[in-house]
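Note sheet for the following structure.
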There are 2 protein chains.
Amino acid sequence: MAIEDIEGKLGTAEDLTRYVRDLIAAAGADAPSAEATARAVVDASSRGVDTHGVRLVPWYLEMVEGGRVNTRPNLTFTQKAAAVGHVDSDDGFGHRASFRAIEEGCAMAATSGIAAVTVGRSTHHGATGVYTLAAARNGFAALGMTHADPAVVPHGGTKAFFGTNPISFAVPAPNGEPVLLDMATSSIPFNRVLLRRATGTALPPEIAVDAGGDFTTDPHATVALKSLGGGTFGYKGAGLAAMVDILCSAFTGMGHGATFAPFNGPDYSKPIPIGHFFLVLNPATFQALSLFDARIAAFLDDLRNAPAHPGQRIMAPGDPEHEEAIRRRERGVPIDRVTWKALAVAAKKYGVAPPRVTDTADVSDNRETAAG
Amino acid sequence: MAIEDIEGKLGTAEDLTRYVRDLIAAAGADAPSAEATARAVVDASSRGVDTHGVRLVPWYLEMVEGGRVNTRPNLTFTQKAAAVGHVDSDDGFGHRASFRAIEEGCAMAATSGIAAVTVGRSTHHGATGVYTLAAARNGFAALGMTHADPAVVPHGGTKAFFGTNPISFAVPAPNGEPVLLDMATSSIPFNRVLLRRATGTALPPEIAVDAGGDFTTDPHATVALKSLGGGTFGYKGAGLAAMVDILCSAFTGMGHGATFAPFNGPDYSKPIPIGHFFLVLNPATFQALSLFDARIAAFLDDLRNAPAHPGQRIMAPGDPEHEEAIRRRERGVPIDRVTWKALAVAAKKYGVAPPRVTDTADVSDNRETAAG
């Protein structure tokens, strides 16, 4: 789906990071947890990944207040072999644990060539691409995955079993932003359904199911999602979801996604111990960096210049978000009105000063609204 | 797509392996190359993966006779770091190089926990799942990928750029066959188009494009494929194809898929140096094996018993192929008539004795024909 325009407030990434950090810290989180969570959600918002950006913060505050998230975790890292490590998040914010996993992974991959770092006893970590991108900005390639609570029906099934179980892959690109794939293994995330309920717009066919497990395009009738590939080829998306679930459960020591309580409550009192799986690759171990860079550059050049339908152009994974990031650096990072109001309530409660913002209604912008 | 019934000859896996091995050896291949290639294609055929099974052998013989494949390669393995190795296939059969990559990967992962093994200067290796399955049967999990010549249009594009670039993942399962995902990142392989041309059946919508890059359901008008996800979500399948292409090119030292000459000729005189990427994981490094096995068993149990539509049941990745393998062990492994005839011509030319077979027409079978 194209990146959608957000109506609401516009702030700088720096100001919003400070705001989110202070809010989460004021709710009780220790400094590293607040810092990592703010960094992750503002990074997502600044690239147009609004479903996994600042709009998650009111939900995170709710989880903190309910007791689901350990705000002062004893985060530990254990190296299990030359190329394998494990981060125990101690029920703390998944963002902090995931950044740590990438740091440790880069350090190990620098000598071993590659490293797998699992994360256990974690919580929601926002957009998985935030962490693979952090590795790529540091000169490493990375593969990242997380499982989640049931939202996607298995192929042939009628009830949600898999999470939207995203796969992310990032690789450094010479003279440019890293290539960044970050995709749910369902066609859409469930947040898209909520958005369509609000706008009263029908969903595309074969991506959502009703209470009986039958396809529906009505967002109000939708209770679960279909895996990527739809009615005929959905076994492929479900197969990818199974791979993600296995790597994030059996390999991390956690249970599989179908054993989890609903992420969206109503019970926020108990931890839901989820897992993440990261693989970090050191390009220089595989090839001379000059050859590696030349290969990536040639691939991107050929792909971006491939023949396209009239009025379209071919984009590499991450190109839309990179272009949106440039736009948002100039214009400001938007926070939708619902989220902004919820943050304002929390800010008042905790005595946190809001950042300086403008309103999207007051900012001229000749860009056409993207299709949903 | 469901596993399709094949009309033709039925033989035992052992007899067919001997036949294929002798044919490839008689065409000039050294013993390890002939052995590995026969093992790979008969393994695929014996599990119902007929598109990548014995039907490839006449094409392989054509490549050998044309000079594309080095029949007596100097295969070398270089360990580049504790957890990274590279197999140079010296333009030899990709099957031999890929089995070697898995062997070396298992040996490295036994101490490092995980290992990446790239393969370069390779050729077609059949079904990628053959190699990840070999790792899983040896107690390791594995991720495997290969890129290929252009057959899939990028999202928004009109001409083929990506190969069908499969992803395979296998993990050992306690008391049963390994979980095995093995999927093209397009909805179908191009062989499915050829089959539909022969049967005169229309293709499903949004999986194939014509010479102008527009969707078509006419197999005769089809010149390229659309990535998994179709018209709206095909950027996801294309993103996965890009990931596979990068891991199989920049990381292996080879060019990306769009630089390759057509795999199907007509020029078979020159090597097309492709790459494969394998990751091997040692479960015992990640978790105590008893816990790991219990997690996998619980996942499979819950998935297979999840609520299904009437008349359907939920299958884990690899279940359909495992059930077909049991059936084919009893009934025989089928070779379609076109392939059988081509093999017979080669057998006569090289003086290879055909195996004992029966004809599917003479074998009663009350199983209904699977939908195409």
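Starting from 1 in every chain, residues are counted up; chains themselves are A, B, ... following the order of the structure tokens, and ligands are numbered from 1 as listed.
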Would you list, as an MDAnalysis selection string, the residues of region 89-249 of chain A that end up in strand (DSSP E or B) under DSSP run on this structure's backbone?
-> chainID A and resid 114:122 141:146 152:153 157 162 167:171 179:183 186 208:209 215 224:227
Keeping C-alpha atoms, export the residues of the selection given above as a PDB file, in the first residue's frame.
```
ATOM      1  CA  ILE A 114      27.517 -13.835  10.263  1.00  0.00           C
ATOM      2  CA  ALA A 115      25.691 -14.029  13.573  1.00  0.00           C
ATOM      3  CA  ALA A 116      22.219 -15.034  14.692  1.00  0.00           C
ATOM      4  CA  VAL A 117      20.865 -13.254  17.746  1.00  0.00           C
ATOM      5  CA  THR A 118      17.591 -14.404  19.223  1.00  0.00           C
ATOM      6  CA  VAL A 119      15.533 -12.298  21.616  1.00  0.00           C
ATOM      7  CA  GLY A 120      13.313 -13.905  24.230  1.00  0.00           C
ATOM      8  CA  ARG A 121      10.874 -12.718  26.905  1.00  0.00           C
ATOM      9  CA  SER A 122      10.386  -9.629  24.787  1.00  0.00           C
ATOM     10  CA  ALA A 141      23.259  -6.635   6.181  1.00  0.00           C
ATOM     11  CA  ALA A 142      20.534  -8.050   8.402  1.00  0.00           C
ATOM     12  CA  LEU A 143      17.472 -10.245   8.342  1.00  0.00           C
ATOM     13  CA  GLY A 144      14.888  -9.675  11.077  1.00  0.00           C
ATOM     14  CA  MET A 145      11.641 -11.354  12.085  1.00  0.00           C
ATOM     15  CA  THR A 146       9.120 -11.264  14.882  1.00  0.00           C
ATOM     16  CA  VAL A 152      -4.007 -14.484  10.224  1.00  0.00           C
ATOM     17  CA  VAL A 153      -5.887 -17.666   9.278  1.00  0.00           C
ATOM     18  CA  GLY A 157      -8.485 -22.451   8.089  1.00  0.00           C
ATOM     19  CA  PHE A 162      -0.454 -16.822  12.832  1.00  0.00           C
ATOM     20  CA  ILE A 167      10.176 -10.379   7.517  1.00  0.00           C
ATOM     21  CA  SER A 168      12.692  -7.582   7.125  1.00  0.00           C
ATOM     22  CA  PHE A 169      15.939  -7.541   5.152  1.00  0.00           C
ATOM     23  CA  ALA A 170      18.350  -4.631   4.859  1.00  0.00           C
ATOM     24  CA  VAL A 171      21.621  -4.300   3.028  1.00  0.00           C
ATOM     25  CA  VAL A 179      17.887  -1.425   0.568  1.00  0.00           C
ATOM     26  CA  LEU A 180      15.126  -2.160   3.079  1.00  0.00           C
ATOM     27  CA  LEU A 181      12.426  -4.789   2.796  1.00  0.00           C
ATOM     28  CA  ASP A 182       9.992  -4.830   5.725  1.00  0.00           C
ATOM     29  CA  MET A 183       6.789  -6.719   5.081  1.00  0.00           C
ATOM     30  CA  SER A 186      -0.256 -11.118   5.437  1.00  0.00           C
ATOM     31  CA  ALA A 208      -9.517 -10.459   5.041  1.00  0.00           C
ATOM     32  CA  VAL A 209     -12.007 -12.944   6.505  1.00  0.00           C
ATOM     33  CA  PHE A 215     -13.499 -13.749   2.584  1.00  0.00           C
ATOM     34  CA  ALA A 224      -8.892 -11.878  10.780  1.00  0.00           C
ATOM     35  CA  LEU A 225      -6.553 -11.604   7.810  1.00  0.00           C
ATOM     36  CA  LYS A 226      -5.581 -13.914   4.982  1.00  0.00           C
ATOM     37  CA  SER A 227      -1.898 -14.607   4.339  1.00  0.00           C
TER      38      SER A 227
END
```
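For chain A, the residues close to chain B, meaning within 6 Å and counting only C-alpha atoms, are Ala81, Ala82, Ala83, Val84, Ser112, Gly113, Gly156, Gly157, Thr158, Gly229, Gly239, Ala250, Phe251, Phe286, Phe292, Arg295, Pro307, Ala308, His309, Ile314 and Pro317 of chain A.
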Enumerate, as a ChimeraX atom specification, the complete set of residues in region 49-182 of chain B that a backbone-based DSSP assignment places in alpha helix (DSSP H).
-> /B:57-66,94-112,129-137
Mind writing the picked residues with C-alpha atoms as a short mmCIF file (atom, residue, chain, number, x, y, z; two decimals), in the first residue's frame?
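Wrote selection-v2.cif, looks like this:
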```
data_model
loop_
_atom_site.label_atom_id
_atom_site.label_comp_id
_atom_site.auth_asym_id
_atom_site.auth_seq_id
_atom_site.Cartn_x
_atom_site.Cartn_y
_atom_site.Cartn_z
CA VAL B 57 17.06 -34.51 -16.96
CA PRO B 58 16.62 -34.19 -20.76
CA TRP B 59 17.32 -30.47 -20.34
CA TYR B 60 20.39 -31.20 -18.23
CA LEU B 61 21.66 -33.57 -20.92
CA GLU B 62 21.13 -30.83 -23.49
CA MET B 63 23.18 -28.42 -21.36
CA VAL B 64 25.96 -30.99 -20.96
CA GLU B 65 26.04 -31.71 -24.68
CA GLY B 66 26.03 -27.99 -25.47
CA GLY B 94 24.55 -27.05 -9.05
CA HIS B 95 23.23 -30.15 -7.30
CA ARG B 96 26.68 -31.39 -6.37
CA ALA B 97 27.79 -27.94 -5.24
CA SER B 98 24.62 -27.44 -3.18
CA PHE B 99 24.89 -30.78 -1.37
CA ARG B 100 28.51 -29.88 -0.61
CA ALA B 101 27.43 -26.47 0.70
CA ILE B 102 24.97 -28.12 3.08
CA GLU B 103 27.58 -30.63 4.27
CA GLU B 104 30.10 -27.88 4.97
CA GLY B 105 27.38 -25.72 6.54
CA CYS B 106 26.38 -28.50 8.94
CA ALA B 107 30.01 -29.06 9.91
CA MET B 108 30.56 -25.35 10.60
CA ALA B 109 27.22 -24.87 12.37
CA ALA B 110 28.03 -27.79 14.67
CA THR B 111 30.63 -25.55 16.31
CA SER B 112 29.64 -21.98 15.36
CA GLY B 129 14.19 -27.71 -0.91
CA VAL B 130 16.21 -30.83 -1.68
CA TYR B 131 19.20 -29.29 0.11
CA THR B 132 17.46 -27.71 3.08
CA LEU B 133 15.69 -31.04 3.56
CA ALA B 134 19.05 -32.83 3.49
CA ALA B 135 20.20 -30.56 6.34
CA ALA B 136 17.01 -31.16 8.32
CA ARG B 137 17.31 -34.94 7.93
#
```
Between CA of Asp362 (chain A) and CA of Glu7 (chain A), what is the spacing in Å?
-> 10.6 Å
Within 10 Å of Asp90 (chain B) using only C-alpha atoms, minus same-chain residues under 2 positions, as a PyMOL selection string | chain B and resi 69-76+87-88+92-94+97+119-123+271+273
Selected residues written out with all heavy atoms, as a compact mmCIF listing (two decimals), in the first residue's frame:
```txt
# COMPACT_ATOMS: atom_id res chain seq x y z
N VAL B 69 27.51 -26.88 -19.00
CA VAL B 69 27.88 -27.43 -17.70
C VAL B 69 29.24 -28.11 -17.78
O VAL B 69 29.50 -28.89 -18.69
CB VAL B 69 26.82 -28.45 -17.23
CG1 VAL B 69 27.23 -29.10 -15.92
CG2 VAL B 69 25.46 -27.77 -17.09
N ASN B 70 30.10 -27.79 -16.84
CA ASN B 70 31.39 -28.45 -16.72
C ASN B 70 31.16 -29.81 -16.06
O ASN B 70 30.77 -29.89 -14.90
CB ASN B 70 32.34 -27.59 -15.88
CG ASN B 70 33.72 -28.21 -15.76
OD1 ASN B 70 33.96 -29.33 -16.20
ND2 ASN B 70 34.63 -27.46 -15.15
N THR B 71 31.39 -30.87 -16.81
CA THR B 71 31.06 -32.21 -16.33
C THR B 71 32.12 -32.78 -15.38
O THR B 71 31.87 -33.76 -14.70
CB THR B 71 30.89 -33.18 -17.52
OG1 THR B 71 32.02 -33.04 -18.38
CG2 THR B 71 29.62 -32.85 -18.28
N ARG B 72 33.30 -32.14 -15.38
CA ARG B 72 34.35 -32.62 -14.48
C ARG B 72 34.95 -31.43 -13.72
O ARG B 72 36.13 -31.09 -13.87
CB ARG B 72 35.44 -33.37 -15.27
CG ARG B 72 34.85 -34.57 -15.98
CD ARG B 72 35.78 -35.41 -16.79
NE ARG B 72 35.04 -36.56 -17.30
CZ ARG B 72 34.87 -37.70 -16.63
NH1 ARG B 72 35.41 -37.86 -15.45
NH2 ARG B 72 34.17 -38.68 -17.16
N PRO B 73 34.09 -30.79 -12.90
CA PRO B 73 34.53 -29.55 -12.26
C PRO B 73 35.54 -29.79 -11.14
O PRO B 73 35.55 -30.84 -10.51
CB PRO B 73 33.23 -29.00 -11.66
CG PRO B 73 32.43 -30.24 -11.35
CD PRO B 73 32.74 -31.20 -12.47
N ASN B 74 36.37 -28.79 -10.93
CA ASN B 74 37.27 -28.79 -9.79
C ASN B 74 36.57 -28.02 -8.66
O ASN B 74 36.81 -26.84 -8.45
CB ASN B 74 38.59 -28.13 -10.16
CG ASN B 74 39.54 -28.05 -8.99
OD1 ASN B 74 39.42 -28.84 -8.03
ND2 ASN B 74 40.45 -27.10 -9.02
N LEU B 75 35.68 -28.71 -7.98
CA LEU B 75 34.88 -28.09 -6.92
C LEU B 75 35.78 -27.73 -5.74
O LEU B 75 36.54 -28.57 -5.26
CB LEU B 75 33.82 -29.11 -6.46
CG LEU B 75 32.58 -28.57 -5.77
CD1 LEU B 75 31.64 -27.98 -6.81
CD2 LEU B 75 31.87 -29.72 -5.04
N THR B 76 35.69 -26.49 -5.27
CA THR B 76 36.51 -26.11 -4.11
C THR B 76 35.65 -25.46 -3.03
O THR B 76 34.68 -24.76 -3.33
CB THR B 76 37.63 -25.13 -4.50
OG1 THR B 76 37.05 -24.00 -5.17
CG2 THR B 76 38.64 -25.79 -5.42
N VAL B 87 31.49 -22.21 -1.75
CA VAL B 87 31.76 -23.31 -2.68
C VAL B 87 31.86 -22.73 -4.08
O VAL B 87 30.93 -22.07 -4.55
CB VAL B 87 30.64 -24.36 -2.64
CG1 VAL B 87 30.85 -25.41 -3.74
CG2 VAL B 87 30.57 -25.03 -1.27
N ASP B 88 32.98 -22.96 -4.73
CA ASP B 88 33.12 -22.59 -6.15
C ASP B 88 32.80 -23.83 -6.96
O ASP B 88 33.51 -24.83 -6.90
CB ASP B 88 34.56 -22.12 -6.43
CG ASP B 88 34.74 -21.66 -7.87
OD1 ASP B 88 34.07 -22.22 -8.76
OD2 ASP B 88 35.55 -20.75 -8.10
N GLY B 92 30.16 -26.47 -12.68
CA GLY B 92 29.62 -27.83 -12.62
C GLY B 92 28.17 -27.84 -12.17
O GLY B 92 27.59 -26.79 -11.80
N PHE B 93 27.59 -29.03 -12.16
CA PHE B 93 26.19 -29.19 -11.74
C PHE B 93 25.94 -28.55 -10.37
O PHE B 93 26.67 -28.81 -9.41
CB PHE B 93 25.83 -30.68 -11.66
CG PHE B 93 25.44 -31.28 -12.98
CD1 PHE B 93 26.30 -32.11 -13.68
CD2 PHE B 93 24.19 -30.99 -13.53
CE1 PHE B 93 25.92 -32.66 -14.91
CE2 PHE B 93 23.81 -31.54 -14.75
CZ PHE B 93 24.68 -32.37 -15.45
N GLY B 94 24.88 -27.74 -10.30
CA GLY B 94 24.55 -27.05 -9.05
C GLY B 94 24.13 -27.99 -7.94
O GLY B 94 24.22 -27.64 -6.76
N ALA B 97 27.29 -29.07 -6.01
CA ALA B 97 27.79 -27.94 -5.24
C ALA B 97 26.87 -27.62 -4.05
O ALA B 97 27.35 -27.25 -2.97
CB ALA B 97 27.93 -26.72 -6.14
N VAL B 119 27.33 -20.33 -2.79
CA VAL B 119 27.80 -21.12 -3.92
C VAL B 119 27.91 -20.18 -5.11
O VAL B 119 26.98 -19.43 -5.40
CB VAL B 119 26.85 -22.28 -4.26
CG1 VAL B 119 27.38 -23.09 -5.43
CG2 VAL B 119 26.63 -23.18 -3.04
N GLY B 120 29.03 -20.20 -5.78
CA GLY B 120 29.23 -19.36 -6.96
C GLY B 120 29.64 -20.18 -8.17
O GLY B 120 30.01 -21.35 -8.05
N ARG B 121 29.57 -19.57 -9.34
CA ARG B 121 29.86 -20.24 -10.62
C ARG B 121 29.12 -21.57 -10.69
O ARG B 121 29.67 -22.58 -11.11
CB ARG B 121 31.36 -20.43 -10.81
CG ARG B 121 32.12 -19.10 -10.92
CD ARG B 121 33.37 -19.22 -11.77
NE ARG B 121 34.35 -20.11 -11.17
CZ ARG B 121 35.21 -20.85 -11.85
NH1 ARG B 121 35.20 -20.83 -13.18
NH2 ARG B 121 36.08 -21.61 -11.24
N SER B 122 27.86 -21.53 -10.29
CA SER B 122 27.06 -22.74 -10.28
C SER B 122 26.16 -22.80 -11.51
O SER B 122 26.20 -21.91 -12.37
CB SER B 122 26.23 -22.79 -8.99
OG SER B 122 25.64 -24.07 -8.83
N THR B 123 25.36 -23.85 -11.57
CA THR B 123 24.33 -23.99 -12.61
C THR B 123 23.03 -24.33 -11.89
O THR B 123 23.01 -24.44 -10.67
CB THR B 123 24.70 -25.10 -13.61
OG1 THR B 123 24.79 -26.34 -12.88
CG2 THR B 123 26.04 -24.82 -14.28
N PRO B 271 28.70 -21.18 -20.00
CA PRO B 271 28.19 -21.24 -18.64
C PRO B 271 27.38 -19.98 -18.29
O PRO B 271 27.64 -18.91 -18.83
CB PRO B 271 29.45 -21.29 -17.78
CG PRO B 271 30.55 -21.71 -18.69
CD PRO B 271 30.17 -21.18 -20.05
N PRO B 273 26.89 -18.26 -14.89
CA PRO B 273 27.40 -18.44 -13.52
C PRO B 273 26.45 -17.88 -12.46
O PRO B 273 26.51 -16.71 -12.12
CB PRO B 273 28.72 -17.68 -13.53
CG PRO B 273 28.53 -16.63 -14.58
CD PRO B 273 27.53 -17.14 -15.58
```
Kindly indicate which residue among B:Cys248, B:Gly139, B:Val223, B:Phe260 lies nearest to Ala211 (chain B), using only C-alpha atoms for the distances.
-> B:Val223
Contacts of Pro354 (chain A) at 9 Å (only C-alpha atoms; same-chain gap of 6+ positions) as number ranges by chain | A: 15-16, 19, 343-344, 347-348
Expressed in Å to a single decimal, how great is the separation between CA of Ala325 (chain B) and CA of Ser46 (chain B)?
-> 5.6 Å
Do you know which residues are at most 12 Å from Arg331 (chain A) counting only C-alpha atoms, after dropping those on the same chain fewer than 3 positions away, and could you put them as a list in words?
->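 Using only C-alpha atoms, the neighbours found are Lys9, Leu10, Gly11, Thr12, Ala13, Ser46, Glu324, Ala325, Ile326, Arg327, Arg328, Pro334, Val357, Thr358, Asp359, Thr360, Asp362, Val363, Ser364, Asp365, Asn366 and Arg367 of chain A.
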Take CA of Asn264 (chain B) and CA of Ala34 (chain B) and report the distance between them in Å, one decimal.
->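 Computing the Euclidean distance for CA of Asn264 (chain B) and CA of Ala34 (chain B) yields 20.7 Å.
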